[in-house]
Amino acid sequence: MKVLITGAAGFIGSALALRLLDRGDEVIGIDNLNDYYDPSLKEARLARTRDHSAFTDIRIDLEDRQGIADLFAQYKPDGVVNLAAQAGVRYSLENPNAYIDTNVVGFMHVLEGCRHNDVKHLVYASSSSVYGSNTRMPFSVHDNVDHPVSIYAATKKANELMAHTYSHLYRLPTTGLRFFTVYGPWGRPDMALFKFTRNILAGEPIDVFNYGKHRRDFTYIDDIVEGVIRTLDRIPRPNPDWSGDHPDSASSTAPYALYNIGNNQPVELLHYIEVLENCLGMKAEKNLLPLQPGDVPDTYADVQDLVRDVGYKPDMSVEQGVANFVAWYRDYYQV
């Protein structure tokens, strides 16, 4: 299969590209290598894929409408995995326009590219952030998610709506994946695990929001990639039982699907930090702070649909996952 990955220099994109290349797929990877965080880490991730003859590395912005149209027309991918996005809940309070430009305008260009070039399946990254003010646990893809609490979450909800429209109008098969707090080797420096590790090793305090009481469904990178590949290989079909009288958010009369990909085992932040301290052999100095605007207290993924349809459930323990990250961090940064 020829697969186009947007955000191929990113945390998830680079790991996915390696897995697809290893199984024999051709990968066209696009990224703009922006400076939201250290571009040298993105370059290092890309270096892992450049040795593969079946990998094509392209620099382009998703906001470049004509450039994206030309790229789709030239490469004619069978499948597309859209992982490029302006990430980060807290940064969306500072620079909301960046989220509209990449996550909404850019995604529109991807949809148009798929529509006009006979793409067989579009898989795209959504986020657990779309659950916003919801409090019923675990979060289900069948629940209403009309109350986002950050512009980042709103753009991800918009992606789901835009994808459904294209599935309905043009019969483009689309699958949205709501990722739950992804972590692991080669991760993002703006994420808590990366920041905590850096500060603890430097003897500096860590900022612990919501006084460490919130829970997250931390999901290991390899589990995320496995879920992406399994859903990519399963093209969604219309749900013959769908009814407008009782609309189901996760399916449609169109070839459209939504899945949670989460570890299904929420962990309190203070325990997560304790696991990290054990792996580092050092104690953290904690700066306890209230819940940040845009954050939610807890996330917990219902993954029954993922298990039912693709036979997969993430299962990496945080103890092993954090240990793997620390080993990578020490090696990469020579700490």
# chains A, B, ... in the order shown; residues from 1 in each chain; ligands from 1

$ residues_around --residues "Ser243 (chain A)" --least-positions-apart "4" --cutoff "12 Å" --atoms "only C-alpha atoms" --output "VMD selection string"
chain A and resid 238 to 239 247 to 249 251 to 254

$ residues_around --residues "region 156-173 of chain A" --least-positions-apart "3" --cutoff "7 Å" --atoms "only C-alpha atoms" --output "NGL selection string"
:A and (104 or 115 or 120-122 or 126-127 or 130 or 152-153 or 176 or 235-236 or 254-256)

$ residues_around --residues "Gly212 (chain A)" --least-positions-apart "3" --cutoff "8 Å" --atoms "only C-alpha atoms" --output "MDAnalysis selection string"
chainID A and resid 208:209 268:270 288

$ write_last_selection --atoms "N, CA and C atoms" --output "PDB file, in the first residue's frame"
ATOM      1  N   VAL A 208       3.075  20.766  38.889  1.00  0.00           N
ATOM      2  CA  VAL A 208       2.099  19.672  38.966  1.00  0.00           C
ATOM      3  C   VAL A 208       0.715  20.305  39.086  1.00  0.00           C
ATOM      4  N   PHE A 209      -0.035  20.269  38.000  1.00  0.00           N
ATOM      5  CA  PHE A 209      -1.336  20.933  37.973  1.00  0.00           C
ATOM      6  C   PHE A 209      -2.426  20.076  38.622  1.00  0.00           C
ATOM      7  N   GLU A 268      -3.468   8.166  38.285  1.00  0.00           N
ATOM      8  CA  GLU A 268      -3.372   9.487  38.901  1.00  0.00           C
ATOM      9  C   GLU A 268      -1.991  10.081  38.624  1.00  0.00           C
ATOM     10  N   LEU A 269      -1.952  11.375  38.378  1.00  0.00           N
ATOM     11  CA  LEU A 269      -0.702  12.037  38.016  1.00  0.00           C
ATOM     12  C   LEU A 269       0.375  11.848  39.076  1.00  0.00           C
ATOM     13  N   LEU A 270       0.008  11.907  40.357  1.00  0.00           N
ATOM     14  CA  LEU A 270       1.005  11.723  41.414  1.00  0.00           C
ATOM     15  C   LEU A 270       1.638  10.333  41.362  1.00  0.00           C
ATOM     16  N   LEU A 288       3.001  22.447  43.404  1.00  0.00           N
ATOM     17  CA  LEU A 288       1.594  22.061  43.253  1.00  0.00           C
ATOM     18  C   LEU A 288       0.749  23.273  42.874  1.00  0.00           C
TER      19      LEU A 288
END

$ select_by_dssp --residues "region 25-74 of chain A" --states "strand (DSSP E or B)" --output "JSON, numbers by chain"
{"A": [26, 27, 28, 29, 30, 31, 55, 56, 57, 58, 59]}

$ write_last_selection --atoms "C-alpha atoms" --output "PDB file, in the first residue's frame"
ATOM      1  CA  GLU A  26       5.548   2.724   0.560  1.00  0.00           C
ATOM      2  CA  VAL A  27       5.378   5.896   2.661  1.00  0.00           C
ATOM      3  CA  ILE A  28       5.205   9.518   1.549  1.00  0.00           C
ATOM      4  CA  GLY A  29       5.976  11.578   4.643  1.00  0.00           C
ATOM      5  CA  ILE A  30       5.230  15.294   4.770  1.00  0.00           C
ATOM      6  CA  ASP A  31       6.117  17.765   7.503  1.00  0.00           C
ATOM      7  CA  PHE A  55      10.247   6.513   2.105  1.00  0.00           C
ATOM      8  CA  THR A  56       9.764   9.894   0.420  1.00  0.00           C
ATOM      9  CA  ASP A  57      10.490  12.923   2.620  1.00  0.00           C
ATOM     10  CA  ILE A  58       8.700  16.170   1.679  1.00  0.00           C
ATOM     11  CA  ARG A  59       8.716  19.629   3.310  1.00  0.00           C
TER      12      ARG A  59
END

$ residues_around --residues "Ser317 (chain A)" --least-positions-apart "3" --cutoff "12 Å" --atoms "only C-alpha atoms" --output "PyMOL selection string"
chain A and resi 183-184+217-223+262-267+272+275+314+320-324

$ closest_residue --among "A:Val182, A:Tyr36, A:Leu4, A:Ala17" --to "Tyr91 (chain A)" --atoms "only C-alpha atoms"
A:Tyr36
